[in-house]
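Working notes, beginning with the structure itself.
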Amino acid sequence: MKRIAVFASGNGSNAENLINYFRENDLADVSLVLTDNPKAKVISRAEKLFVPHVVITPQELSNGSVLERLKKNKIDFVVLAGFLRMVPKNIVEAFKDRIINIHPALLPSYGGKGMYGINVHKAVVDAGENETGITIHYVNENYDDGDIIFQTTTDVYPDDTPEDVAEKVHALEKQYLPQITEELLEEL
């Protein structure tokens, strides 16, 4: 069975969705949740579902101790689900083609530092876009820059608020992140 680590910085709904999805699946399980935010809701979600979780510091992320923790936990695959920090080169290299991110827009548009959550949806609405969506991509040393694995779209209507767009995008995330993760794990 493959072992997944999920990195998240906030609410953790995508992490919870992945945990529940793989509980019904013999291919993999979410074995570890890591967060850089000691107040993140992902912590209570992991606790409720009895998944080990760790709060990490920026220093631990960059000095190799997070990579050592991943190795110690025999992690096969990493999913960034709302993780707001840059993943250091040592982790990217150790998990080449085994570390993915979900982004709440159609990259390369609306990506990069600071483009997360409601910031993305506000930018989409402000630009008058008629569609948006999600992008699942491999992680490299730059924000939202890795090779795109999957994209899907949803309509943006003229009277949609950023919150309306967020709701539509979250529905896509919930549907597709587990499915695409599973497909990638089957190829390992």
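Every chain in the structure tokens has a letter given in the order shown (A, B, ...), and although residue numbers restart at 1 in each chain, ligands are simply numbered from 1 in the order shown.
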Excluding segment 149-158 of chain A and its own-chain neighbours fewer than 5 positions away, which residues fall within 7 Å of it when counting only C-alpha atoms? Please give them as a PDB file with C-alpha atoms, in the first residue's frame.
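After the write, result-v1.pdb holds the following:
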ATOM      1  CA  LEU A 106      -6.291  27.547 -14.727  1.00  0.00           C
ATOM      2  CA  GLU A 129     -13.197  35.934 -16.871  1.00  0.00           C
ATOM      3  CA  ASN A 130     -16.033  33.736 -18.128  1.00  0.00           C
ATOM      4  CA  GLU A 131     -14.431  30.526 -16.893  1.00  0.00           C
ATOM      5  CA  THR A 132     -11.996  29.311 -14.288  1.00  0.00           C
ATOM      6  CA  GLY A 133     -11.179  25.926 -12.858  1.00  0.00           C
ATOM      7  CA  ILE A 134      -8.510  23.866 -11.199  1.00  0.00           C
ATOM      8  CA  THR A 135      -5.026  22.777 -12.158  1.00  0.00           C
ATOM      9  CA  ILE A 136      -3.249  19.762 -10.730  1.00  0.00           C
ATOM     10  CA  HIS A 137       0.455  19.958 -11.487  1.00  0.00           C
ATOM     11  CA  TYR A 138       3.796  18.541 -10.501  1.00  0.00           C
ATOM     12  CA  VAL A 165     -16.441  31.132  -7.710  1.00  0.00           C
ATOM     13  CA  LYS A 168     -17.630  26.099  -7.765  1.00  0.00           C
TER      14      LYS A 168
END
Excluding same-chain residues fewer than 3 positions from Gly117 of chain A, what lies within 9 Å of it counting only C-alpha atoms, as an MDAnalysis selection string? chainID A and resid 82 103:104 120:122 166
Counting only C-alpha atoms, which residues of segment 64-134 of chain A sit at most 12 Å from some atom of segment 37-56 of chain A, and what is each one's closest atom pair with its distance in Å to one decimal, listed by chain and rising residue number, as JSON lines?
{"residue": "A:Gly64", "atom": "CA", "partner": "A:Ile56", "partner_atom": "CA", "distance": 11.5}
{"residue": "A:Ser65", "atom": "CA", "partner": "A:Ile56", "partner_atom": "CA", "distance": 9.3}
{"residue": "A:Val66", "atom": "CA", "partner": "A:Ile56", "partner_atom": "CA", "distance": 7.6}
{"residue": "A:Leu67", "atom": "CA", "partner": "A:Ile56", "partner_atom": "CA", "distance": 11.3}
{"residue": "A:Arg69", "atom": "CA", "partner": "A:Val54", "partner_atom": "CA", "distance": 9.7}
{"residue": "A:Leu70", "atom": "CA", "partner": "A:Val54", "partner_atom": "CA", "distance": 11.1}
{"residue": "A:Asn73", "atom": "CA", "partner": "A:Pro52", "partner_atom": "CA", "distance": 10.4}
{"residue": "A:Ala81", "atom": "CA", "partner": "A:Val42", "partner_atom": "CA", "distance": 10.2}
{"residue": "A:Gly82", "atom": "CA", "partner": "A:Val42", "partner_atom": "CA", "distance": 10.1}
{"residue": "A:Phe83", "atom": "CA", "partner": "A:Asn37", "partner_atom": "CA", "distance": 9.6}
{"residue": "A:Leu84", "atom": "CA", "partner": "A:Asn37", "partner_atom": "CA", "distance": 9.8}
{"residue": "A:Arg85", "atom": "CA", "partner": "A:Asn37", "partner_atom": "CA", "distance": 10.5}
Go through A:Ala127, A:Leu27, A:Ile91, A:Val6 one by one, measure the shortest atom-to-atom distance of each to Glu187 of chain A using only C-alpha atoms, and give the residue with the smallest value.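 Looking at the shortest contact to Glu187 of chain A, the residue is A:Leu27.
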Rounded to one decimal place, report the atom CA of Gly112 of chain A-atom CA of Met86 of chain A distance in Å.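 Computed distance, atom CA of Gly112 of chain A to atom CA of Met86 of chain A, equals 10.3 Å.
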Residues near Gln175 of chain A, anyone? I mean within 12 Å using only C-alpha atoms, not counting same-chain ones fewer than 3 positions away, as a PyMOL selection string. chain A and resi 14+17-18+21+134+152+168-172+178-181
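As for atom CA of Ala8 of chain A and atom CA of Phe77 of chain A, they are spaced 14.5 Å apart.
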As a PyMOL selection string, list the residues of segment 108-172 of chain A assigned to strand (DSSP E) by DSSP on the backbone atoms of this structure. chain A and resi 131-138+148-155
Using only C-alpha atoms, which of the listed residues (A:Ser9, A:Asn142, A:Lys174, A:Arg98) sits closest to Lys113 of chain A? A:Asn142
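Proximity ranking of A:Ile102, A:Val78, A:Leu34, A:Leu184 relative to Pro58 of chain A places A:Leu34 first, based on only C-alpha atoms.
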Tell me, which residues of segment 40-167 of chain A carry DSSP helix (DSSP H, G or I), written as an MDAnalysis selection string? chainID A and resid 41:48 58:62 65:72 89:94 117:126 162:167
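Nearest to Ile100 of chain A of all the residues A:Ile4, A:Val139, A:Ile19, A:Leu177 is A:Val139, counting only C-alpha atoms.
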